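Please read the structure below before turning to the comments.
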Amino acid sequence: MKSPLCTYLFLLAFFFSVSMEAAPNFLTYQGRIVKTDGSPLEYNNVSFLFEITSNNGTCVIYREQKSGIDMTNSHGVFDVPIGTGTKLFPPSPTKTLLSVFDNSQTQDCADPNNNVVSSYTPTEGHARILRVQFHDGTGWKVISPDNEIRTVPYSAYAASAAKLGTKTENDFVLKTGVPTCAANEFLSWNGTAMVCAPVTGASGGTVTTVSSANAYLSVANPASTPQLTLNVGTTAGTVAAGDDSRFTNARVPTGAAGGDLSGTYPNPSVVKIQNVAIASAAPTNGNFLKFDGTQWIGAAIGMSDVTNLNSSLSNYHTVAAFNSAVGSANCAAHQTPYWNSVSSSFQCQSINVSVAGDVSGTIGAVSVNKIKGVDVDTTGLATGQVLKYDGTKWAPANDSNAGGTVTNIATGTGLSGGPITTTGTISLANTAVTAGSYGSTTQVGTFTVDAQGRLTTASNAAIAFPVTSVATKTGAVTLDYGDINSAASKYLTYKPNNVACTDGQVLKWIAANSRWECASDTDTNAGGTVTNIVTGTGLSGGPITSTGTISLANTAVTAGSYTRANITVDAQGRLTAASNGAAVNLATEVTGTLPIANGGTGVTSITANRLIASNGTGAALTTFSCGVGQIVTFDAAGVMGCTNYSASGVFANGGNSFGADAVLGTNDNFALGFETNGSTKMTINPTGYVGVGTTNPAGQLANTAINLGDTGTIASINGNAIAPGGLSWQTATTGYSGIFFNSGTAAASNGLQVYTAATDTASYVINARSNGTSRLAVRADGNVGVGTASPSAKLDVNGTFKSSNSWSRNNPANANFTTAGTIASFTMTCNGGPVLIFANFSASNLSAANWNGTVFYIRVGSATGTVIRGVSNTTNDAGAVGNHMSTVQTLYNCPAGSTTFYLTGTTNSGVTVGVYDIEFSAAELGLR
């Protein structure tokens with residue numbers, strides 16, 4: 001089973017690292033593998049599985065495994081040559097790695113077991129797909145997406161060899177297939193090959209004269225070297241030129257019309273649409289064309305023209321019908337209409353909201369019977385009277401207070417603040433007592449109180465120790481038994497010699513010690529012997545003559561619990577019979593109204609189909625109901641009431657109309673989850689982070705449990721449906737997406753793709769701008785500009801280029817070497833990590849033999865140091881002496897510090913190689 005790819009990140013490079021003329025049997029595959037936690041893969045026994053497939057990825061035409069790659073201390077960087085491992089497919093030894101790129105051969109397809117299952121016939125221009133897996137010691141990981149192998153690997157079968165200009169091999173005749181013809185013969189194709197044939201029959205003869213049959217063409221020298229002239233002019237017998245003034249832009253057609261048209265040009269009539277006739281009667285205003293089964297006719301839109309319209313509207317009232325139905329109920333004040341399904345009409349019912357407490361009655365007729373729970377009696381109420389509390393109730397009474405005006409308030413003893421003639425504050429006057437606490441475990445408080453009850457002095461007095469006298473004794477008091485008085489509820493705990501007695505012991509006087517001590521009761525002089533115990537009524541176990549047990553005798557009663565028991569008791573008080581009684585018969589055994597305290601309702605009857613609630617005093621139950629469109633609610637005091645559903649603040653299935661912004665959520669420090677199909681699908685945690693498919697989002701928007709690319713899409717801005725791809729912004733051009741995310745292992749899978757259908761120089765795939773200026777532009781023709789929106793090359797940098805860490809470049813002068821020598825070198829400071837080293841140069845005046853014996857190296861440390869890349873030229877060169885372009889490139893894990901790189905070369909002994917147009921550079925990739 002393959003492990004998921006999401007545990008690694010990849011940086012890949014795939015290219016030939018050979019000269020243009022050479023055609024080795026291997027390809028270079030380089031890159032870096034980093035885990036999602038940022039650490040590189042550094043396993044000491046990594047295996048790679050390479051598969052090369054057809055252009056659509058369905059046919060595996062080459063499979064190879066390269067094992068034993070030691071990536072220890074590599075920072076995740078690898079350089080694996082494809083073609084040097086164990087070839088698993090194709091089985092034929094004559095099929096090499098480079099053979100799979102030959103578009104002129106039919107290729108075999110492999111199954112997972114390396115068996116031939118089908119074949120693939122490529123056509124001119126077909127590319128190849130590289131599919132790679134690696135084994136990190138725990139399982140195989142798929143590097144996704146697959147890579148398209150582009151131009152460079154086709155050097156073994158150059159693309160230019162497939163055509164000559166625009167002509168393929170089928171457009172040419174081999175020289176060896178052309179026969180040599182005799183005099184008066186010509187070449188002829190007989191359907192299979194070119195043959196020589198004489199001039200015979202009607203096809204034979206010699207042209208002796210050329211003539212013209214009309215004035216449009218004149219002939220000069222008709223019998224020797226004929227010259228034909230086309231007569232152009234504006235008169236009869238001449239051919240008109242393209243700019244002849246007799247030609248105009250307008251060309252009015254003539255003749256009979258056909259198809260869906262009738263009549264003649266230039267004024268035909270439309271008589272059909274899609275070959276269906278149009279009725280001759282003209283449509284009127286508001287009509288549309290409707291097919292009646294035979295022809296198109298003008299018609300108004302009817303109910304039957306809209307599918308299911310009649311059935312959909314059959315369940316709805318018109319506004320007039322609804323208003324009439326509601327109005328027919330004719331409800332009075334304090335009533336509300338409700339729909340009665342039995343009578344199929346609106347009927348009225350009272351708005352029954354119970355009132356309690358200090359008021360009574362019903363809505364619309366509420367009376368205040370109490371004030372603060374005290375009854376109000378209005379008997380004999382007359383003008384000018386006020387309500388006065390008579391000790392029992394509020395009753396009408398005359399206002400007997402004559403009233404007056406306070407002009408001066410003086411303050412007497414113990415008060416301060418007076419006299420007050422307008423406004424002021426009266427307070428208790430301070431005394432000489434110091435504020436604080438008095439009394440402790442060793443002191444008691446002493447106080448002086450005046451006539452007004454105020455403390456005028458306060459102090460503490462120490463408790464005198466030791467006690468001077470106890471039971472008339474002073475000093476170190478020793479109490480004797482005579483000093484302790486006996487009385488009720490007074491007990492002494494006696495422990496002789498300070499040793500407590502154990503159970504069953506008695507006090508014995510010990511004369512030798514002159515005291516009472518605890519001891520066992522060994523005195524048997526006053527005892528006797530029981531010889532027989534008989535058990536009487538209700539007891540069992542006797543007679544006992546030595547030892548035995550006396551118990552209560554069993555009766556006929558079954559041990560257990562009884563409800564409303566019927567019992568029989570004998571003279572000894574024993575239950576001799578017991579049985580369960582009948583249940584309480586509320587109809588015969590309970591009369592009147594059963595109070596709530598006894599489990600009843602407190603009322604004799606209750607209205608049907610209502611809720612039951614306690615009345616205002618809690619002494620009885622009463623009915624409760626809400627009107628149509630209302631729900632039962634409770635206020636802060638727990639009192640039940642009715643609230644219109646639309647104003648209740650409850651979120652309803654189908655939507656609400658609150659008339660203001662609504663808030664759905666939690667008021668405490670807990671998350672809000674949204675659930676479907678029995679499990680939580682989206683969570684908003686207390687910090688505001690949103691998790692889709694996870695209940696513990698780590699960011700403002702987290703999607704970890706659900707992969708949109710596998711299960712669904714987000715619609716594009718234009719509203720067009722997008723195939724499963726995660727997130728997409730779609731441009732106005734149908735079928736193309738500006739940006740979309742995608743995952744998978746198919747050949748067409750992408751991580752992030754920015755796409756446009758354009759290929760011109762005026763369109764962009766990406767144009768990142770700031771302050772009105774383009775900073776990074778990827779133009780539709782493939783050119784990339786940094787600091788310019790008009791890149792003139794594949795990479796056009798307007799300004800100074802700098803990598804994330806360091807970049808070194810050396811363009812030395814031309815160099816020569818004989819047998820061996822240094823071509824160029826440079827020194828750079830590395831930060832510790834992968835460095836891409838690239839050398840590009842030309843070699844001059846080399847014969848094929850000398851060129852084939854030439855090897856170029858990239859070394860580190862010195863001109864004879866460790867070789868980190870070498871390229872030999874072993875394939876026969878078609879040229880003799882000429883100029884040769886060569887390229888050497890590699891990835892090197894450069895340690896931190898200063899490092900010098902050398903480009904060197906060797907050739908056949910005594911041969912001098914001239915090297916020019918040298919570019920030797922390196923860029924640190926900034927990867928760890």
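Following the order of the structure tokens, chains are lettered A, B, ..., residues in each are numbered from 1, and ligands are numbered from 1.
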
Which neighbours of stretch 74-85 of chain A fall inside 8 Å, counting only C-alpha atoms, when residues of the same chain fewer than 4 positions from it are skipped, and could you give them as an NGL selection string?
:A and (25-34 or 40-42 or 50 or 64-67 or 97 or 833-834 or 891 or 893 or 928)

Just the residues within 10 Å of A:Ala462, please, counting only C-alpha atoms, with nothing from its chain fewer than 4 positions along; format it as a PyMOL selection string.
chain A and resi 439-445

So that I can see what lies close to stretch 208-219 of chain A, please list as a PDB file with N, CA, C and O atoms, in the first residue's frame the residues with an atom at most 12 Å from it, counting only C-alpha atoms and leaving out residues fewer than 5 positions away in the same chain.
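Written output follows (selection_6.pdb):
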```
ATOM      1  N   SER A 224       7.780  28.176 -81.980  1.00  0.00           N
ATOM      2  CA  SER A 224       9.134  27.942 -81.449  1.00  0.00           C
ATOM      3  C   SER A 224       9.131  28.033 -79.911  1.00  0.00           C
ATOM      4  O   SER A 224       9.126  27.015 -79.230  1.00  0.00           O
ATOM      5  N   THR A 225       9.151  29.263 -79.401  1.00  0.00           N
ATOM      6  CA  THR A 225       9.127  29.473 -77.945  1.00  0.00           C
ATOM      7  C   THR A 225       7.879  30.264 -77.608  1.00  0.00           C
ATOM      8  O   THR A 225       7.918  31.502 -77.494  1.00  0.00           O
ATOM      9  N   PRO A 226       6.756  29.612 -77.490  1.00  0.00           N
ATOM     10  CA  PRO A 226       5.488  30.331 -77.303  1.00  0.00           C
ATOM     11  C   PRO A 226       5.515  31.177 -76.019  1.00  0.00           C
ATOM     12  O   PRO A 226       6.052  30.763 -74.996  1.00  0.00           O
ATOM     13  N   GLN A 227       4.906  32.365 -76.135  1.00  0.00           N
ATOM     14  CA  GLN A 227       4.730  33.256 -74.978  1.00  0.00           C
ATOM     15  C   GLN A 227       3.259  33.624 -74.888  1.00  0.00           C
ATOM     16  O   GLN A 227       2.713  34.224 -75.806  1.00  0.00           O
ATOM     17  N   LEU A 228       2.590  33.265 -73.783  1.00  0.00           N
ATOM     18  CA  LEU A 228       1.159  33.492 -73.612  1.00  0.00           C
ATOM     19  C   LEU A 228       0.955  34.765 -72.831  1.00  0.00           C
ATOM     20  O   LEU A 228       1.622  35.014 -71.816  1.00  0.00           O
ATOM     21  N   THR A 229       0.015  35.595 -73.282  1.00  0.00           N
ATOM     22  CA  THR A 229      -0.287  36.862 -72.611  1.00  0.00           C
ATOM     23  C   THR A 229      -1.783  36.933 -72.343  1.00  0.00           C
ATOM     24  O   THR A 229      -2.597  36.736 -73.255  1.00  0.00           O
ATOM     25  N   LEU A 230      -2.149  37.230 -71.082  1.00  0.00           N
ATOM     26  CA  LEU A 230      -3.556  37.400 -70.717  1.00  0.00           C
ATOM     27  C   LEU A 230      -3.907  38.865 -70.922  1.00  0.00           C
ATOM     28  O   LEU A 230      -3.270  39.766 -70.360  1.00  0.00           O
ATOM     29  N   ASN A 231      -4.907  39.113 -71.755  1.00  0.00           N
ATOM     30  CA  ASN A 231      -5.285  40.486 -72.108  1.00  0.00           C
ATOM     31  C   ASN A 231      -6.201  41.057 -71.030  1.00  0.00           C
ATOM     32  O   ASN A 231      -7.317  40.581 -70.816  1.00  0.00           O
ATOM     33  N   VAL A 232      -5.714  42.077 -70.301  1.00  0.00           N
ATOM     34  CA  VAL A 232      -6.449  42.732 -69.222  1.00  0.00           C
ATOM     35  C   VAL A 232      -6.845  44.116 -69.685  1.00  0.00           C
ATOM     36  O   VAL A 232      -6.037  44.870 -70.247  1.00  0.00           O
ATOM     37  N   GLY A 233      -8.117  44.505 -69.447  1.00  0.00           N
ATOM     38  CA  GLY A 233      -8.565  45.829 -69.852  1.00  0.00           C
ATOM     39  C   GLY A 233      -9.999  46.052 -69.439  1.00  0.00           C
ATOM     40  O   GLY A 233     -10.594  45.282 -68.686  1.00  0.00           O
ATOM     41  N   THR A 234     -10.580  47.132 -70.017  1.00  0.00           N
ATOM     42  CA  THR A 234     -11.967  47.497 -69.683  1.00  0.00           C
ATOM     43  C   THR A 234     -12.880  47.389 -70.870  1.00  0.00           C
ATOM     44  O   THR A 234     -14.050  47.767 -70.800  1.00  0.00           O
ATOM     45  N   THR A 235     -12.356  46.878 -72.019  1.00  0.00           N
ATOM     46  CA  THR A 235     -13.176  46.778 -73.223  1.00  0.00           C
ATOM     47  C   THR A 235     -13.564  45.334 -73.451  1.00  0.00           C
ATOM     48  O   THR A 235     -13.082  44.415 -72.773  1.00  0.00           O
ATOM     49  N   ALA A 236     -14.387  45.103 -74.448  1.00  0.00           N
ATOM     50  CA  ALA A 236     -14.832  43.761 -74.772  1.00  0.00           C
ATOM     51  C   ALA A 236     -13.645  42.918 -75.195  1.00  0.00           C
ATOM     52  O   ALA A 236     -12.720  43.402 -75.846  1.00  0.00           O
ATOM     53  N   GLY A 237     -13.681  41.646 -74.864  1.00  0.00           N
ATOM     54  CA  GLY A 237     -12.612  40.731 -75.220  1.00  0.00           C
ATOM     55  C   GLY A 237     -11.419  40.791 -74.297  1.00  0.00           C
ATOM     56  O   GLY A 237     -10.385  40.211 -74.616  1.00  0.00           O
ATOM     57  N   THR A 238     -11.523  41.499 -73.147  1.00  0.00           N
ATOM     58  CA  THR A 238     -10.429  41.583 -72.180  1.00  0.00           C
ATOM     59  C   THR A 238     -10.944  41.097 -70.815  1.00  0.00           C
ATOM     60  O   THR A 238     -12.143  41.022 -70.573  1.00  0.00           O
ATOM     61  N   VAL A 239      -9.964  40.772 -69.972  1.00  0.00           N
ATOM     62  CA  VAL A 239     -10.283  40.304 -68.618  1.00  0.00           C
ATOM     63  C   VAL A 239     -10.159  41.481 -67.657  1.00  0.00           C
ATOM     64  O   VAL A 239      -9.184  42.256 -67.733  1.00  0.00           O
ATOM     65  N   ALA A 240     -11.171  41.657 -66.808  1.00  0.00           N
ATOM     66  CA  ALA A 240     -11.167  42.772 -65.853  1.00  0.00           C
ATOM     67  C   ALA A 240     -10.151  42.512 -64.735  1.00  0.00           C
ATOM     68  O   ALA A 240     -10.049  41.413 -64.212  1.00  0.00           O
TER      69      ALA A 240
END
```

A:Lys290 proximity check over A:Ile510, A:Leu88, A:Ala277, A:Pro595, using only C-alpha atoms: winner is A:Ala277

For stretch 319-331 of chain A, list every protein, DNA or RNA residue within 6 Å, evaluated using only C-alpha atoms, and leave out those in the same chain fewer than 6 positions away; present the list as a VMD selection string.
chain A and resid 346 to 348

To test your reading of the structure, identify every residue in stretch 7-246 of chain A that backbone DSSP assigns to helix (DSSP H, G or I), and report it as a list in words.
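Matching residues, listed in order: Thr7, Leu98, Ser99, Val100, Phe101, Val152, Pro153, Tyr154, Ser155, Ala156, Tyr157, Ala159, Ser160, Ala161, Ala162, Glu169, Asn170, Asp171, Lys175, Thr176, Gly177, Gly201, Ala202 and Ser203 of chain A.
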
Output N, CA and C atoms for every residue in the selection just made, as a PDB file, in the first residue's frame.
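Printed below is out34.pdb as written:
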```
ATOM      1  N   THR A   7       3.161  13.830   2.775  1.00  0.00           N
ATOM      2  CA  THR A   7       4.157  13.940   3.840  1.00  0.00           C
ATOM      3  C   THR A   7       5.464  14.519   3.334  1.00  0.00           C
ATOM      4  N   LEU A  98      16.771   4.847 -24.552  1.00  0.00           N
ATOM      5  CA  LEU A  98      16.539   5.834 -25.608  1.00  0.00           C
ATOM      6  C   LEU A  98      15.573   5.320 -26.664  1.00  0.00           C
ATOM      7  N   SER A  99      15.383   3.993 -26.733  1.00  0.00           N
ATOM      8  CA  SER A  99      14.464   3.449 -27.740  1.00  0.00           C
ATOM      9  C   SER A  99      13.042   3.919 -27.519  1.00  0.00           C
ATOM     10  N   VAL A 100      12.671   4.208 -26.258  1.00  0.00           N
ATOM     11  CA  VAL A 100      11.275   4.564 -25.985  1.00  0.00           C
ATOM     12  C   VAL A 100      10.923   5.934 -26.553  1.00  0.00           C
ATOM     13  N   PHE A 101      11.938   6.716 -26.973  1.00  0.00           N
ATOM     14  CA  PHE A 101      11.651   8.042 -27.523  1.00  0.00           C
ATOM     15  C   PHE A 101      11.538   8.021 -29.046  1.00  0.00           C
ATOM     16  N   VAL A 152      14.989  18.057 -24.731  1.00  0.00           N
ATOM     17  CA  VAL A 152      16.373  17.625 -24.581  1.00  0.00           C
ATOM     18  C   VAL A 152      16.543  16.117 -24.682  1.00  0.00           C
ATOM     19  N   PRO A 153      15.738  15.295 -23.993  1.00  0.00           N
ATOM     20  CA  PRO A 153      15.968  13.838 -24.093  1.00  0.00           C
ATOM     21  C   PRO A 153      15.774  13.266 -25.490  1.00  0.00           C
ATOM     22  N   TYR A 154      15.271  14.050 -26.446  1.00  0.00           N
ATOM     23  CA  TYR A 154      15.083  13.553 -27.796  1.00  0.00           C
ATOM     24  C   TYR A 154      16.337  13.740 -28.669  1.00  0.00           C
ATOM     25  N   SER A 155      17.476  14.069 -27.994  1.00  0.00           N
ATOM     26  CA  SER A 155      18.679  14.273 -28.788  1.00  0.00           C
ATOM     27  C   SER A 155      19.087  13.005 -29.526  1.00  0.00           C
ATOM     28  N   ALA A 156      18.691  11.820 -29.006  1.00  0.00           N
ATOM     29  CA  ALA A 156      19.023  10.571 -29.695  1.00  0.00           C
ATOM     30  C   ALA A 156      18.237  10.438 -30.983  1.00  0.00           C
ATOM     31  N   TYR A 157      17.051  10.999 -31.036  1.00  0.00           N
ATOM     32  CA  TYR A 157      16.218  11.006 -32.241  1.00  0.00           C
ATOM     33  C   TYR A 157      15.763  12.440 -32.452  1.00  0.00           C
ATOM     34  N   ALA A 159      14.363  15.998 -33.294  1.00  0.00           N
ATOM     35  CA  ALA A 159      13.063  16.327 -33.872  1.00  0.00           C
ATOM     36  C   ALA A 159      13.193  16.736 -35.325  1.00  0.00           C
ATOM     37  N   SER A 160      14.325  17.376 -35.664  1.00  0.00           N
ATOM     38  CA  SER A 160      14.481  17.830 -37.051  1.00  0.00           C
ATOM     39  C   SER A 160      14.632  16.662 -38.016  1.00  0.00           C
ATOM     40  N   ALA A 161      15.014  15.500 -37.486  1.00  0.00           N
ATOM     41  CA  ALA A 161      15.189  14.349 -38.369  1.00  0.00           C
ATOM     42  C   ALA A 161      13.867  13.787 -38.842  1.00  0.00           C
ATOM     43  N   ALA A 162      12.777  14.163 -38.198  1.00  0.00           N
ATOM     44  CA  ALA A 162      11.462  13.640 -38.585  1.00  0.00           C
ATOM     45  C   ALA A 162      10.940  14.290 -39.848  1.00  0.00           C
ATOM     46  N   GLU A 169       9.007  11.771 -44.322  1.00  0.00           N
ATOM     47  CA  GLU A 169       9.706  10.779 -45.141  1.00  0.00           C
ATOM     48  C   GLU A 169       8.810  10.213 -46.225  1.00  0.00           C
ATOM     49  N   ASN A 170       7.488  10.223 -46.006  1.00  0.00           N
ATOM     50  CA  ASN A 170       6.575   9.676 -47.024  1.00  0.00           C
ATOM     51  C   ASN A 170       6.439  10.592 -48.239  1.00  0.00           C
ATOM     52  N   ASP A 171       6.945  11.827 -48.122  1.00  0.00           N
ATOM     53  CA  ASP A 171       6.868  12.766 -49.253  1.00  0.00           C
ATOM     54  C   ASP A 171       8.057  12.629 -50.201  1.00  0.00           C
ATOM     55  N   LYS A 175      16.702   7.647 -53.647  1.00  0.00           N
ATOM     56  CA  LYS A 175      17.499   7.726 -54.878  1.00  0.00           C
ATOM     57  C   LYS A 175      17.698   6.346 -55.493  1.00  0.00           C
ATOM     58  N   THR A 176      17.862   5.371 -54.592  1.00  0.00           N
ATOM     59  CA  THR A 176      18.082   4.018 -55.128  1.00  0.00           C
ATOM     60  C   THR A 176      16.836   3.449 -55.785  1.00  0.00           C
ATOM     61  N   GLY A 177      15.686   4.079 -55.524  1.00  0.00           N
ATOM     62  CA  GLY A 177      14.460   3.582 -56.130  1.00  0.00           C
ATOM     63  C   GLY A 177      14.113   4.259 -57.454  1.00  0.00           C
ATOM     64  N   GLY A 201       1.091   6.465 -78.006  1.00  0.00           N
ATOM     65  CA  GLY A 201      -0.331   6.716 -78.163  1.00  0.00           C
ATOM     66  C   GLY A 201      -0.661   8.199 -78.169  1.00  0.00           C
ATOM     67  N   ALA A 202      -1.834   8.488 -77.609  1.00  0.00           N
ATOM     68  CA  ALA A 202      -2.313   9.876 -77.586  1.00  0.00           C
ATOM     69  C   ALA A 202      -1.458  10.746 -76.704  1.00  0.00           C
ATOM     70  N   SER A 203      -0.741  10.107 -75.784  1.00  0.00           N
ATOM     71  CA  SER A 203       0.099  10.871 -74.878  1.00  0.00           C
ATOM     72  C   SER A 203       1.435  11.240 -75.528  1.00  0.00           C
TER      73      SER A 203
END
```

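Minimum distance to A:Gly641 across A:Pro253, A:Gly627, A:Gly412, A:Gly357 (counting only C-alpha atoms) occurs at A:Gly627.
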
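Atom CA of A:Pro112 to atom CA of A:Tyr62 spans 11.7 Å [interatomic distance, one decimal].
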
Could you tell me, as a VMD selection string, which residues of stretch 54-132 of chain A DSSP assigns to strand (DSSP E or B) when given the backbone?
chain A and resid 60 to 69 77 to 82 86 to 89 107 to 110 116 to 120 128 to 132

Just write the chosen residues, C-alpha atoms, as a short mmCIF file (atom, residue, chain, number, x, y, z; two decimals), in the first residue's frame.
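Writing the result to selection02.cif gives the following:
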```cif
data_model
loop_
_atom_site.label_atom_id
_atom_site.label_comp_id
_atom_site.auth_asym_id
_atom_site.auth_seq_id
_atom_site.Cartn_x
_atom_site.Cartn_y
_atom_site.Cartn_z
CA VAL A 60 3.97 2.18 -19.38
CA ILE A 61 6.68 1.60 -22.03
CA TYR A 62 9.76 1.65 -19.76
CA ARG A 63 10.24 0.73 -16.07
CA GLU A 64 13.46 0.82 -14.05
CA GLN A 65 14.38 0.61 -10.34
CA LYS A 66 17.46 2.30 -8.91
CA SER A 67 18.23 1.11 -5.36
CA GLY A 68 20.81 1.80 -2.66
CA ILE A 69 20.91 5.61 -2.89
CA VAL A 77 19.29 16.54 -2.37
CA PHE A 78 19.58 13.64 -4.81
CA ASP A 79 21.09 13.10 -8.29
CA VAL A 80 19.91 9.82 -9.84
CA PRO A 81 20.83 8.86 -13.45
CA ILE A 82 17.94 7.12 -15.18
CA THR A 86 17.77 -2.43 -12.97
CA LYS A 87 15.58 -2.42 -16.11
CA LEU A 88 12.25 -4.14 -15.33
CA PHE A 89 10.53 -3.46 -18.67
CA GLN A 107 6.05 0.37 -28.19
CA ASP A 108 4.92 -2.46 -25.87
CA CYS A 109 2.82 -1.60 -22.75
CA ALA A 110 3.53 -3.15 -19.31
CA VAL A 116 3.30 -7.15 -22.10
CA VAL A 117 -0.46 -6.44 -22.12
CA SER A 118 -0.92 -4.15 -25.14
CA SER A 119 0.97 -1.81 -27.47
CA TYR A 120 1.19 1.90 -28.20
CA ARG A 128 6.63 11.07 -23.12
CA ILE A 129 5.59 11.23 -19.42
CA LEU A 130 7.96 10.46 -16.53
CA ARG A 131 6.33 8.94 -13.43
CA VAL A 132 8.52 8.58 -10.31
#
```

Neighbouring residues of stretch 386-390 of chain A were defined as those with any atom within 9 Å, considering only C-alpha atoms; residues of the same chain fewer than 5 positions away were excluded. Please report them as a list in words.
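Contacts, in chain order: Val374, Val376, Asp377, Thr378, Leu381, Ala395, Pro396, Ala397, Asn398 and Asp399 of chain A.
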
Write the residues you've just listed into a file as a CSV table (one decimal), in the first residue's frame, and include C-alpha atoms for each of them.
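Okay, again.csv is ready:
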```csv
chain,number,residue,atom,x,y,z
A,374,VAL,CA,-52.7,43.6,49.6
A,376,VAL,CA,-58.0,46.8,47.3
A,377,ASP,CA,-61.6,47.5,48.6
A,378,THR,CA,-63.4,50.3,46.7
A,381,LEU,CA,-65.4,55.3,47.3
A,395,ALA,CA,-59.8,51.1,51.6
A,396,PRO,CA,-61.2,54.6,50.7
A,397,ALA,CA,-60.7,57.2,53.4
A,398,ASN,CA,-60.5,61.0,53.7
A,399,ASP,CA,-57.1,62.6,53.6
```

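Across A:Val199, A:Ile371, A:Asn609, A:Val590, the tightest approach to A:Asp358 is made by A:Ile371 when counting only C-alpha atoms.
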
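Once stretch 420-428 of chain A and its same-chain neighbours fewer than 2 positions away are set aside, Thr405, Val406, Thr407, Asn408, Ile409, Ala410, Thr411, Gly412, Thr413, Gly414, Leu415, Ser416, Gly417, Gly418, Asn430, Thr431, Gln452 and Arg454 of chain A remain within 12 Å of it when counting only C-alpha atoms.
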
Can you work out the spacing between atom CA of A:Tyr43 and atom CA of A:Asp136 in Å, to one decimal?
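Taking atom CA of A:Tyr43 and atom CA of A:Asp136, their separation equals 6.4 Å.
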